[in-house]
$ cat target.csv   # CSV, C-alpha atoms and all ligand atoms
chain,number,residue,atom,x,y,z
A,435,MET,CA,43.6,-80.6,-102.3
A,436,THR,CA,40.8,-81.2,-104.8
A,437,THR,CA,37.6,-79.3,-103.9
A,438,ILE,CA,34.5,-81.3,-104.2
A,439,TYR,CA,32.1,-79.3,-102.2
A,440,PRO,CA,32.4,-75.5,-101.9
A,441,LEU,CA,31.9,-74.4,-98.3
A,442,SER,CA,29.0,-72.2,-99.2
A,443,GLN,CA,27.1,-75.3,-100.3
A,444,LEU,CA,27.7,-76.8,-96.9
A,445,GLY,CA,26.0,-73.8,-95.2
A,446,TRP,CA,29.2,-71.8,-94.5
A,447,SER,CA,28.6,-68.1,-94.2
A,448,THR,CA,30.2,-64.9,-92.9
A,449,PHE,CA,28.7,-65.7,-89.5
A,450,PHE,CA,31.2,-68.6,-89.2
A,451,GLN,CA,34.0,-67.0,-91.3
A,452,GLN,CA,34.3,-64.0,-89.0
A,453,GLN,CA,35.0,-66.3,-86.0
A,454,LEU,CA,38.3,-67.3,-87.4
A,455,SER,CA,41.6,-65.5,-86.7
A,456,LEU,CA,44.1,-65.1,-89.5
A,457,ASP,CA,46.2,-67.9,-88.1
A,458,GLU,CA,43.2,-70.2,-87.9
A,459,CYS,CA,42.4,-69.4,-91.5
A,460,SER,CA,45.8,-70.7,-92.6
A,461,ASP,CA,46.3,-73.6,-90.2
A,462,TYR,CA,42.8,-75.1,-89.8
A,463,PHE,CA,39.9,-76.0,-92.0
A,464,PRO,CA,36.2,-76.1,-91.4
A,465,ALA,CA,34.1,-79.2,-91.3
A,466,ARG,CA,30.4,-79.7,-90.6
A,467,VAL,CA,28.9,-82.5,-88.4
A,468,VAL,CA,26.4,-84.4,-90.6
A,469,ALA,CA,25.7,-87.4,-88.4
A,470,GLN,CA,26.5,-88.6,-84.9
A,471,HIS,CA,27.3,-92.2,-84.0
A,472,ARG,CA,28.2,-93.8,-80.7
A,473,SER,CA,31.9,-93.0,-80.7
A,474,ARG,CA,32.4,-90.9,-83.8
A,475,LEU,CA,31.0,-88.1,-85.9
A,476,ALA,CA,30.5,-88.1,-89.6
A,477,ILE,CA,31.8,-84.8,-91.0
A,478,LEU,CA,31.6,-83.1,-94.3
A,479,CYS,CA,34.3,-80.7,-95.6
A,480,GLU,CA,35.5,-79.4,-98.9
A,481,THR,CA,37.1,-82.8,-99.7
A,482,GLY,CA,34.0,-84.9,-98.9
A,483,GLU,CA,32.8,-87.0,-96.0
A,484,HIS,CA,35.1,-88.2,-93.2
A,485,SER,CA,34.9,-89.7,-89.8
A,486,LEU,CA,36.1,-88.1,-86.6
A,487,ASN,CA,36.4,-90.0,-83.3
A,488,ILE,CA,34.7,-88.4,-80.4
A,489,HIS,CA,37.2,-87.4,-77.8
A,490,PRO,CA,36.3,-86.6,-74.1
A,491,LYS,CA,38.0,-83.2,-74.5
A,492,MET,CA,35.5,-82.2,-77.2
A,493,PRO,CA,32.5,-80.0,-76.2
A,494,ILE,CA,29.0,-81.6,-76.6
A,495,LEU,CA,28.4,-81.4,-80.3
A,496,THR,CA,25.3,-82.0,-82.4
A,497,VAL,CA,24.4,-82.5,-86.1
A,498,GLY,CA,24.8,-79.2,-88.0
A,499,ASP,CA,27.7,-77.9,-85.9
A,500,TRP,CA,30.8,-76.4,-87.5
A,501,LEU,CA,34.2,-77.4,-86.3
A,502,LEU,CA,37.8,-76.5,-87.1
A,503,LEU,CA,40.2,-79.4,-87.8
A,504,ASP,CA,43.9,-79.3,-88.1
A,505,ARG,CA,45.9,-80.6,-91.1
A,506,GLN,CA,46.1,-84.0,-89.4
A,507,ASN,CA,42.2,-84.0,-89.4
A,508,ASP,CA,42.2,-83.7,-85.7
A,509,PHE,CA,39.6,-81.6,-83.8
A,510,TYR,CA,40.8,-78.1,-82.9
A,511,ARG,CA,37.6,-76.2,-81.8
A,512,ALA,CA,33.9,-75.8,-82.4
A,513,LEU,CA,32.5,-72.6,-83.8
A,514,ASP,CA,29.7,-70.6,-82.2
A,515,ARG,CA,26.2,-71.6,-83.4
A,516,GLN,CA,23.9,-69.4,-85.3
A,517,THR,CA,20.8,-71.4,-84.2
A,518,LEU,CA,20.4,-74.2,-81.8
A,519,PHE,CA,17.6,-76.7,-81.2
A,520,SER,CA,17.2,-78.3,-77.9
A,521,ARG,CA,14.5,-79.9,-75.8
A,522,LYS,CA,14.2,-81.3,-72.3
A,523,ALA,CA,15.7,-84.8,-72.5
A,524,PRO,CA,12.9,-87.4,-72.4
A,525,GLY,CA,12.0,-89.0,-69.1
A,526,SER,CA,11.8,-87.7,-65.6
A,527,LYS,CA,15.3,-86.1,-65.3
A,528,VAL,CA,15.6,-82.5,-66.3
A,529,ALA,CA,18.5,-82.0,-68.7
A,530,GLU,CA,18.8,-80.2,-72.0
A,531,GLN,CA,19.2,-82.4,-75.1
A,532,LEU,CA,20.7,-80.9,-78.2
A,533,ILE,CA,18.8,-81.7,-81.4
A,534,ALA,CA,20.5,-79.8,-84.1
A,535,ALA,CA,22.6,-76.7,-84.7
A,536,ASN,CA,22.8,-74.1,-87.5
A,537,VAL,CA,19.4,-74.9,-89.0
A,538,ASP,CA,18.0,-72.0,-91.0
A,539,THR,CA,14.4,-73.3,-91.7
A,540,VAL,CA,12.4,-75.9,-89.9
A,541,LEU,CA,9.7,-77.8,-91.7
A,542,ILE,CA,7.2,-78.6,-88.9
A,543,SER,CA,5.7,-81.7,-90.4
A,544,VAL,CA,2.2,-82.8,-89.5
A,545,ALA,CA,0.1,-85.4,-91.2
A,546,LEU,CA,-3.5,-84.8,-92.1
A,547,ASN,CA,-4.8,-87.7,-90.1
A,548,ASN,CA,-5.0,-88.5,-86.4
A,549,ASP,CA,-1.6,-86.8,-86.0
A,550,PHE,CA,-3.0,-83.4,-86.8
A,551,SER,CA,-2.9,-81.2,-83.7
A,552,LEU,CA,-2.9,-77.4,-83.5
A,553,ASN,CA,-1.5,-77.7,-79.9
A,554,ARG,CA,1.5,-79.6,-81.2
A,555,ILE,CA,2.1,-77.1,-84.0
A,556,GLU,CA,2.1,-74.3,-81.5
A,557,ARG,CA,4.6,-76.2,-79.3
A,558,TYR,CA,6.9,-76.7,-82.3
A,559,LEU,CA,6.6,-73.0,-83.3
A,560,ALA,CA,7.7,-72.0,-79.8
A,561,LEU,CA,10.7,-74.3,-80.1
A,562,VAL,CA,11.7,-73.0,-83.6
A,563,LYS,CA,11.3,-69.4,-82.6
A,564,ALA,CA,13.4,-70.0,-79.5
A,565,ALA,CA,16.1,-71.5,-81.7
A,566,GLY,CA,16.1,-68.4,-83.9
A,567,ALA,CA,15.2,-70.3,-87.1
A,568,ASN,CA,12.4,-69.8,-89.6
A,569,ALA,CA,9.3,-72.0,-89.4
A,570,LEU,CA,7.3,-73.5,-92.2
A,571,VAL,CA,4.4,-75.9,-91.5
A,572,VAL,CA,4.1,-78.8,-94.0
A,573,LEU,CA,0.9,-80.7,-93.9
A,574,THR,CA,1.5,-84.2,-95.3
A,575,LYS,CA,-0.8,-87.0,-96.5
A,576,ALA,CA,-3.1,-84.6,-98.3
A,577,ASP,CA,-4.0,-87.5,-100.5
A,578,LEU,CA,-5.6,-89.3,-97.6
A,579,CYS,CA,-7.6,-86.3,-96.4
A,580,LEU,CA,-11.0,-85.2,-97.7
A,581,SER,CA,-10.7,-81.5,-96.9
A,582,PRO,CA,-7.0,-80.4,-96.7
A,583,ASP,CA,-8.1,-76.8,-97.1
A,584,ASP,CA,-10.0,-76.8,-93.8
A,585,TYR,CA,-6.9,-77.9,-92.0
A,586,LEU,CA,-4.8,-75.4,-93.9
A,587,GLN,CA,-7.1,-72.6,-92.8
A,588,GLN,CA,-7.0,-73.8,-89.1
A,589,VAL,CA,-3.2,-73.6,-89.2
A,590,GLN,CA,-3.2,-70.3,-91.0
A,591,ALA,CA,-5.5,-68.8,-88.3
A,592,LEU,CA,-2.7,-69.3,-85.8
A,593,ASP,CA,-0.7,-66.7,-87.5
A,594,PRO,CA,-1.6,-65.0,-90.8
A,595,LEU,CA,2.2,-64.6,-91.7
A,596,LEU,CA,3.0,-68.3,-91.1
A,597,ILE,CA,3.8,-70.2,-94.3
A,598,VAL,CA,1.8,-73.4,-94.6
A,599,GLU,CA,2.1,-75.9,-97.4
A,600,VAL,CA,0.0,-78.9,-98.1
A,601,VAL,CA,1.8,-81.9,-99.7
A,602,ASN,CA,1.5,-85.5,-100.7
A,603,ALA,CA,5.0,-86.6,-99.8
A,604,LEU,CA,4.7,-89.6,-102.2
A,605,GLU,CA,4.2,-87.2,-105.1
A,606,PRO,CA,7.4,-85.5,-106.1
A,607,GLU,CA,5.4,-82.9,-108.1
A,608,SER,CA,3.7,-81.6,-104.9
A,609,LEU,CA,7.1,-81.2,-103.2
A,610,LYS,CA,8.1,-78.6,-105.7
A,611,LYS,CA,6.4,-76.1,-103.3
A,612,LEU,CA,9.4,-76.7,-101.0
A,613,ALA,CA,12.0,-75.6,-103.6
A,614,PRO,CA,12.4,-72.0,-102.3
A,615,TRP,CA,13.8,-73.4,-99.1
A,616,CYS,CA,16.1,-75.9,-100.8
A,617,MET,CA,18.4,-73.3,-102.2
A,618,GLN,CA,22.2,-72.9,-101.9
A,619,GLY,CA,23.6,-72.9,-98.4
A,620,ASN,CA,20.2,-73.1,-96.6
A,621,THR,CA,19.9,-75.8,-94.0
A,622,ILE,CA,16.4,-77.2,-93.5
A,623,ALA,CA,15.3,-79.7,-90.9
A,624,LEU,CA,12.2,-81.8,-90.6
A,625,LEU,CA,10.6,-82.1,-87.2
A,626,GLY,CA,7.4,-83.9,-86.4
A,627,SER,CA,5.9,-87.1,-85.0
A,628,SER,CA,6.8,-90.5,-86.2
A,629,GLY,CA,5.2,-91.7,-89.4
A,630,VAL,CA,4.2,-88.3,-90.8
A,631,GLY,CA,6.5,-88.7,-93.8
A,632,LYS,CA,9.7,-86.8,-92.9
A,633,SER,CA,12.0,-89.4,-94.4
A,634,THR,CA,9.7,-89.8,-97.4
A,635,ILE,CA,10.1,-86.1,-98.1
A,636,VAL,CA,13.9,-86.3,-97.7
A,637,ASN,CA,14.1,-89.3,-100.1
A,638,SER,CA,12.0,-87.5,-102.7
A,639,LEU,CA,14.1,-84.3,-102.5
A,640,LEU,CA,17.3,-86.4,-102.7
A,641,HIS,CA,15.9,-88.5,-105.5
A,642,SER,CA,17.1,-91.6,-103.6
A,643,ASP,CA,16.1,-94.2,-101.1
A,644,THR,CA,18.8,-93.1,-98.6
A,645,GLN,CA,16.4,-92.9,-95.7
A,646,ILE,CA,14.5,-96.0,-94.6
A,647,THR,CA,10.7,-95.4,-94.3
A,648,SER,CA,7.9,-97.7,-93.1
A,649,SER,CA,4.2,-97.6,-92.9
A,650,ALA,CA,2.3,-96.2,-90.0
A,651,ARG,CA,0.0,-98.4,-87.8
A,652,ALA,CA,-3.4,-98.6,-89.5
A,653,ALA,CA,-5.3,-98.4,-86.2
A,654,ASP,CA,-4.1,-95.0,-85.0
A,655,ASP,CA,-1.8,-93.6,-87.7
A,656,LYS,CA,1.1,-93.7,-85.3
A,657,GLY,CA,4.5,-94.2,-86.8
A,658,ARG,CA,7.0,-97.0,-86.0
A,659,HIS,CA,9.9,-94.8,-85.1
A,660,THR,CA,11.7,-95.9,-88.3
A,661,THR,CA,14.4,-93.2,-88.3
A,662,THR,CA,16.6,-93.5,-85.2
A,663,GLY,CA,19.4,-90.9,-85.8
A,664,ARG,CA,19.7,-87.4,-87.2
A,665,SER,CA,21.5,-87.0,-90.5
A,666,LEU,CA,22.2,-84.1,-92.8
A,667,HIS,CA,22.1,-84.5,-96.5
A,668,LEU,CA,23.2,-82.4,-99.5
A,669,LEU,CA,20.4,-81.4,-101.9
A,670,ASP,CA,21.0,-81.0,-105.6
A,671,ALA,CA,19.7,-77.5,-105.5
A,672,GLY,CA,22.5,-76.6,-103.1
A,673,GLY,CA,20.8,-76.7,-99.7
A,674,LEU,CA,21.1,-79.3,-96.9
A,675,ILE,CA,18.3,-81.3,-95.4
A,676,LEU,CA,18.2,-82.8,-91.9
A,677,ASP,CA,16.1,-85.8,-91.2
A,678,THR,CA,15.2,-86.4,-87.5
A,679,PRO,CA,13.5,-89.3,-85.7
A,680,GLY,CA,9.9,-88.7,-84.8
A,681,MET,CA,9.9,-87.4,-81.2
A,682,ARG,CA,7.4,-88.8,-78.7
A,683,GLU,CA,7.9,-86.0,-76.3
A,684,ILE,CA,9.2,-82.5,-77.0
A,685,GLN,CA,9.0,-80.7,-73.7
A,686,LEU,CA,10.1,-77.0,-73.7
A,687,VAL,CA,13.0,-75.7,-71.7
A,688,ASP,CA,14.6,-72.2,-71.7
A,689,CYS,CA,11.9,-71.3,-74.2
A,690,GLU,CA,10.4,-68.1,-72.8
A,691,ALA,CA,11.3,-65.9,-75.8
A,692,GLY,CA,10.0,-68.7,-78.1
A,693,LEU,CA,6.7,-68.7,-76.4
A,694,GLU,CA,6.5,-64.9,-76.5
A,695,ALA,CA,7.0,-65.0,-80.3
A,696,ALA,CA,4.7,-68.0,-81.0
A,697,PHE,CA,1.9,-66.4,-78.9
A,698,SER,CA,2.5,-62.7,-79.7
A,699,ASP,CA,-1.2,-62.1,-79.9
A,700,VAL,CA,-1.8,-63.4,-76.3
A,701,GLU,CA,1.3,-61.6,-75.0
A,702,ARG,CA,0.2,-58.3,-76.5
A,703,LEU,CA,-3.2,-58.6,-74.8
A,704,ALA,CA,-1.6,-59.5,-71.5
A,705,MET,CA,0.2,-56.2,-71.5
A,706,ASN,CA,-3.2,-54.6,-70.8
A,707,CYS,CA,-4.1,-56.8,-67.8
A,708,ARG,CA,-4.3,-54.9,-64.5
A,709,TYR,CA,-1.7,-57.1,-62.8
A,710,SER,CA,1.7,-57.6,-64.4
A,711,ASP,CA,1.8,-61.2,-63.0
A,712,CYS,CA,-1.8,-61.9,-64.1
A,713,GLN,CA,-2.4,-65.6,-64.6
A,714,HIS,CA,-5.4,-64.8,-67.0
A,715,ASN,CA,-7.7,-66.9,-64.8
A,716,ASN,CA,-10.2,-65.0,-62.6
A,717,GLU,CA,-8.2,-61.8,-61.9
A,718,PRO,CA,-10.0,-58.5,-62.2
A,719,ASP,CA,-9.5,-56.5,-65.4
A,720,CYS,CA,-7.8,-59.4,-67.2
A,721,ALA,CA,-7.5,-58.3,-70.9
A,722,VAL,CA,-6.9,-61.9,-72.0
A,723,GLN,CA,-10.2,-63.1,-70.5
A,724,LEU,CA,-12.0,-60.1,-72.0
A,725,ALA,CA,-10.6,-60.9,-75.4
A,726,LEU,CA,-11.7,-64.5,-74.9
A,727,SER,CA,-15.3,-63.4,-74.1
A,728,GLN,CA,-15.3,-61.2,-77.2
A,729,GLY,CA,-14.2,-64.2,-79.3
A,730,LEU,CA,-10.9,-62.5,-80.3
A,731,ILE,CA,-8.9,-65.5,-79.2
A,732,ASP,CA,-10.1,-69.1,-78.6
A,733,GLN,CA,-10.1,-71.1,-75.5
A,734,ARG,CA,-7.9,-73.9,-77.0
A,735,ARG,CA,-5.2,-71.5,-77.9
A,736,LEU,CA,-5.3,-69.8,-74.5
A,737,ASN,CA,-5.2,-73.1,-72.6
A,738,ASN,CA,-2.3,-74.3,-74.7
A,739,TYR,CA,-0.4,-71.1,-74.1
A,740,LEU,CA,-0.9,-71.4,-70.3
A,741,LYS,CA,0.0,-75.1,-70.3
A,742,LEU,CA,3.2,-74.5,-72.4
A,743,SER,CA,4.2,-71.5,-70.2
A,744,ARG,CA,3.8,-73.5,-67.0
A,745,GLU,CA,5.8,-76.4,-68.6
A,746,GLN,CA,8.7,-74.2,-69.7
A,747,GLU,CA,8.8,-72.3,-66.4
A,748,ARG,CA,8.9,-75.6,-64.4
A,749,ASN,CA,11.6,-77.2,-66.7
A,750,SER,CA,13.7,-74.0,-66.8
A,751,ALA,CA,13.7,-73.5,-63.1
A,752,THR,CA,14.7,-77.2,-62.4
A,753,LEU,CA,17.4,-76.9,-65.1
A,754,ALA,CA,18.8,-73.6,-63.6
A,755,GLU,CA,18.9,-75.3,-60.2
A,756,LYS,CA,20.7,-78.3,-61.6
A,757,ARG,CA,23.2,-76.1,-63.4
A,758,SER,CA,23.9,-74.1,-60.2
A,759,LYS,CA,24.3,-77.3,-58.2
A,760,GLU,CA,26.8,-78.6,-60.8
A,761,ARG,CA,28.7,-75.3,-60.8
A,762,SER,CA,29.1,-75.3,-57.0
A,763,GLN,CA,30.0,-79.0,-57.0
A,764,SER,CA,32.7,-78.4,-59.6
A,765,ARG,CA,33.9,-75.4,-57.6
A,766,TYR,CA,34.1,-77.7,-54.5
A,767,TYR,CA,36.1,-80.4,-56.5
A,768,ARG,CA,38.5,-77.7,-57.8
A,769,SER,CA,39.1,-76.4,-54.3
A,770,VAL,CA,39.7,-79.9,-53.0
A,771,GLN,CA,42.2,-80.6,-55.9
A,772,GLU,CA,43.9,-77.3,-55.4
A,773,GLY,CA,44.2,-78.0,-51.6
A,774,SER,CA,45.8,-81.4,-52.3
A,775,ARG,CA,48.2,-79.8,-54.8
A,776,GLN,CA,49.2,-77.2,-52.2
A,777,ARG,CA,49.7,-79.8,-49.6
A,778,LYS,CA,51.9,-81.9,-51.9
A,779,LYS,CA,54.0,-78.8,-52.7
A,780,GLY,CA,54.3,-78.2,-49.0
A,781,LEU,CA,55.6,-81.8,-48.5
A,782,LYS,CA,58.3,-81.4,-51.2
A,801,LIG,N1,-0.4,-91.5,-98.6
A,801,LIG,C1,0.7,-90.9,-98.1
A,801,LIG,N2,1.6,-91.6,-97.5
A,801,LIG,C2,2.7,-91.0,-97.0
A,801,LIG,C3,2.9,-89.6,-97.2
A,801,LIG,N3,4.1,-89.3,-96.6
A,801,LIG,C4,4.5,-90.4,-96.1
A,801,LIG,N4,3.7,-91.5,-96.3
A,801,LIG,C5,3.9,-92.9,-95.9
A,801,LIG,O1,3.9,-92.8,-94.5
A,801,LIG,C6,4.8,-93.8,-93.9
A,801,LIG,C7,5.7,-93.2,-92.9
A,801,LIG,O2,6.6,-92.3,-93.6
A,801,LIG,P1,8.1,-92.0,-93.1
A,801,LIG,O3,8.7,-91.1,-94.1
A,801,LIG,O4,8.8,-93.3,-92.7
A,801,LIG,O5,7.7,-91.2,-91.8
A,801,LIG,P2,8.7,-90.5,-90.8
A,801,LIG,O6,8.1,-89.2,-90.4
A,801,LIG,O7,10.1,-90.4,-91.4
A,801,LIG,O8,8.7,-91.4,-89.5
A,801,LIG,P3,9.9,-91.7,-88.4
A,801,LIG,O9,11.1,-92.0,-89.1
A,801,LIG,O10,9.3,-92.9,-87.6
A,801,LIG,O11,9.9,-90.5,-87.5
A,801,LIG,C8,5.4,-94.5,-95.1
A,801,LIG,O12,4.8,-95.7,-95.4
A,801,LIG,C9,5.2,-93.5,-96.3
A,801,LIG,O13,5.2,-94.1,-97.5
A,801,LIG,C10,1.9,-88.9,-97.9
A,801,LIG,O14,2.0,-87.7,-98.1
A,801,LIG,N5,0.8,-89.6,-98.4
A,802,MG,MG,11.9,-91.1,-90.7
A,803,ZN,ZN,-4.7,-61.4,-67.6
$ encode --input "target.csv" --output "structure tokens"
Amino acid sequence: MTTIYPLSQLGWSTFFQQQLSLDECSDYFPARVVAQHRSRLAILCETGEHSLNIHPKMPILTVGDWLLLDRQNDFYRALDRQTLFSRKAPGSKVAEQLIAANVDTVLISVALNNDFSLNRIERYLALVKAAGANALVVLTKADLCLSPDDYLQQVQALDPLLIVEVVNALEPESLKKLAPWCMQGNTIALLGSSGVGKSTIVNSLLHSDTQITSSARAADDKGRHTTTGRSLHLLDAGGLILDTPGMREIQLVDCEAGLEAAFSDVERLAMNCRYSDCQHNNEPDCAVQLALSQGLIDQRRLNNYLKLSREQERNSATLAEKRSKERSQSRYYRSVQEGSRQRKKGLK
């Protein structure tokens, strides 16, 4: 077998290696999901890119997942994920939708035009922290903005440790700032609204026109949802980059720890409120309201924290209820099946 891609370049690490038994090491080989189509997955392994038909017996997989295949190139099993991105599926039904797995660093991409929103950056930060990945904020279209530094400072004020880069995605020179994250084995993903320049960044880093891009609407800077699927690409420097479609709606679900991490300042203050279930509204001795009156936190950030907390609680509660209903339903079906099996046995 000629090796084209070393596994380490595809993001393989000891985290995945240690999940394999000795038998599995000799009988199966790892492959990574790089794109998902209607009835098949595109996978990348040491010998290059292949196609794998989706089988009903496979678990729900997403781009970035690691699988083991047998020597006939058939699916054997999926490996545990190191990180997982999910959101509430768009629309009124509450279900979790997987976005990507095993992403190390997320480039939260925001354009310096009408797209710019601190609230959205905070929403993405909660999502990234909940997934267990590193976050980097990339402010694009600096060339169209009169004062990029003002915006940079606003984002930096959210968290002094947050890494924020300002780029012009059309200018390859300015993307050199992203080089430290494009190194061997690191998987980076771009998340952000449509039209902010995610695919433009991917093309520039890949030195190609692989990803289709198209201009945003002049009236409101909104993008045209040009990218429709997620795809993982190998970078020259050894890392991998995941392009995603701009998401209209990215509601949080099962994201409590993510919110705690993204709003650690508010959470820390809240520990000093008189009531442990304080809503930070009009309760007496509310440490958060006190900090607000002293100018230690701002009203926008607090409002967004309360809004995102309510949203994640609501979605998580509905999802938990749905999961428990599904569990009891499948228990019921199993008992019906078992009963009919027993009856058939009795008839024999
Ligand atoms: N002036 C300027 N234009 C940019 C920059 N980045 C992207 N663009 C342009 O913005 C438009 C949208 O870019 P895309 O890369 O398609 O945006 P996207 O984020 O991939 O959008 P979706 O695929 O719809 O989610 C294209 O016309 C790009 O040429 C930038 O930094 N400066
Ligand atoms: Mg795109
Ligand atoms: Zn309080």
$ closest_atom_pairs --input "target.csv" --of "chain A" --to "ligand ZN 803 (chain A)" --cutoff "10 Å" --atoms "only C-alpha atoms and all ligand atoms" --output "tab-separated table"
residue	atom	partner	partner_atom	distance
A:Val700	CA	A:ZN803	ZN	9.4
A:Glu701	CA	A:ZN803	ZN	9.5
A:Leu703	CA	A:ZN803	ZN	7.9
A:Ala704	CA	A:ZN803	ZN	5.3
A:Met705	CA	A:ZN803	ZN	8.1
A:Asn706	CA	A:ZN803	ZN	7.7
A:Cys707	CA	A:ZN803	ZN	4.6
A:Arg708	CA	A:ZN803	ZN	7.2
A:Tyr709	CA	A:ZN803	ZN	7.1
A:Ser710	CA	A:ZN803	ZN	8.1
A:Asp711	CA	A:ZN803	ZN	8.0
A:Cys712	CA	A:ZN803	ZN	4.6
A:Gln713	CA	A:ZN803	ZN	5.7
A:His714	CA	A:ZN803	ZN	3.5
A:Asn715	CA	A:ZN803	ZN	6.9
A:Asn716	CA	A:ZN803	ZN	8.3
A:Glu717	CA	A:ZN803	ZN	6.7
A:Pro718	CA	A:ZN803	ZN	8.1
A:Asp719	CA	A:ZN803	ZN	7.2
A:Cys720	CA	A:ZN803	ZN	3.7
A:Ala721	CA	A:ZN803	ZN	5.3
A:Val722	CA	A:ZN803	ZN	4.9
A:Gln723	CA	A:ZN803	ZN	6.4
A:Leu724	CA	A:ZN803	ZN	8.6
A:Ala725	CA	A:ZN803	ZN	9.8
$ residues_near_ligand --input "target.csv" --ligand "ligand MG 802 (chain A)" --cutoff "10 Å" --atoms "only C-alpha atoms and all ligand atoms" --output "VMD selection string"
chain A and resid 624 to 637 645 to 648 657 to 664 677 to 680
$ residues_around --input "target.csv" --residues "A:Ser665" --least-positions-apart "6" --cutoff "12 Å" --atoms "all atoms listed in the file" --output "ChimeraX atom specification"
/A:466-471,475-478,496-499,533-535,621-624,633,636,644-645,674-679
$ residues_around --input "target.csv" --residues "A:Ala564" --least-positions-apart "5" --cutoff "9 Å" --atoms "only C-alpha atoms" --output "PyMOL selection string"
chain A and resi 517-519+559+688-693+695
$ closest_residue --input "target.csv" --among "A:Asp549, A:Met681, A:Glu745, A:Val571" --to "ligand LIG 801 (chain A)" --atoms "all atoms listed in the file"
A:Met681
$ closest_residue --input "target.csv" --among "A:Ile488, A:Leu578, A:Leu552, A:Leu753" --to "ligand LIG 801 (chain A)" --atoms "only C-alpha atoms and all ligand atoms"
A:Leu578
$ atom_distance --input "target.csv" --atom1 "atom CA of A:Ile438" --atom2 "atom CA of A:His641"
20.0 Å
$ closest_residue --input "target.csv" --among "A:Gln763, A:Ser608, A:Thr752, A:Asn602" --to "ligand LIG 801 (chain A)" --atoms "all atoms listed in the file"
A:Asn602
$ decode --input "target.csv" --residues "stretch 709-724 of chain A" --atoms "C-alpha atoms" --output "PDB file, in the first residue's frame"
ATOM      1  CA  TYR A 709     -29.875  33.605  46.274  1.00  0.00           C
ATOM      2  CA  SER A 710     -28.287  30.711  44.432  1.00  0.00           C
ATOM      3  CA  ASP A 711     -31.124  30.796  41.877  1.00  0.00           C
ATOM      4  CA  CYS A 712     -30.883  34.596  41.473  1.00  0.00           C
ATOM      5  CA  GLN A 713     -32.168  35.764  38.081  1.00  0.00           C
ATOM      6  CA  HIS A 714     -30.071  38.971  38.390  1.00  0.00           C
ATOM      7  CA  ASN A 715     -33.192  41.039  37.945  1.00  0.00           C
ATOM      8  CA  ASN A 716     -34.583  42.805  41.013  1.00  0.00           C
ATOM      9  CA  GLU A 717     -33.560  40.355  43.714  1.00  0.00           C
ATOM     10  CA  PRO A 718     -32.001  41.844  46.866  1.00  0.00           C
ATOM     11  CA  ASP A 719     -28.214  41.632  47.202  1.00  0.00           C
ATOM     12  CA  CYS A 720     -27.684  40.725  43.576  1.00  0.00           C
ATOM     13  CA  ALA A 721     -23.933  40.949  42.954  1.00  0.00           C
ATOM     14  CA  VAL A 722     -24.446  41.085  39.174  1.00  0.00           C
ATOM     15  CA  GLN A 723     -26.778  44.124  39.372  1.00  0.00           C
ATOM     16  CA  LEU A 724     -24.294  45.762  41.751  1.00  0.00           C
TER      17      LEU A 724
END
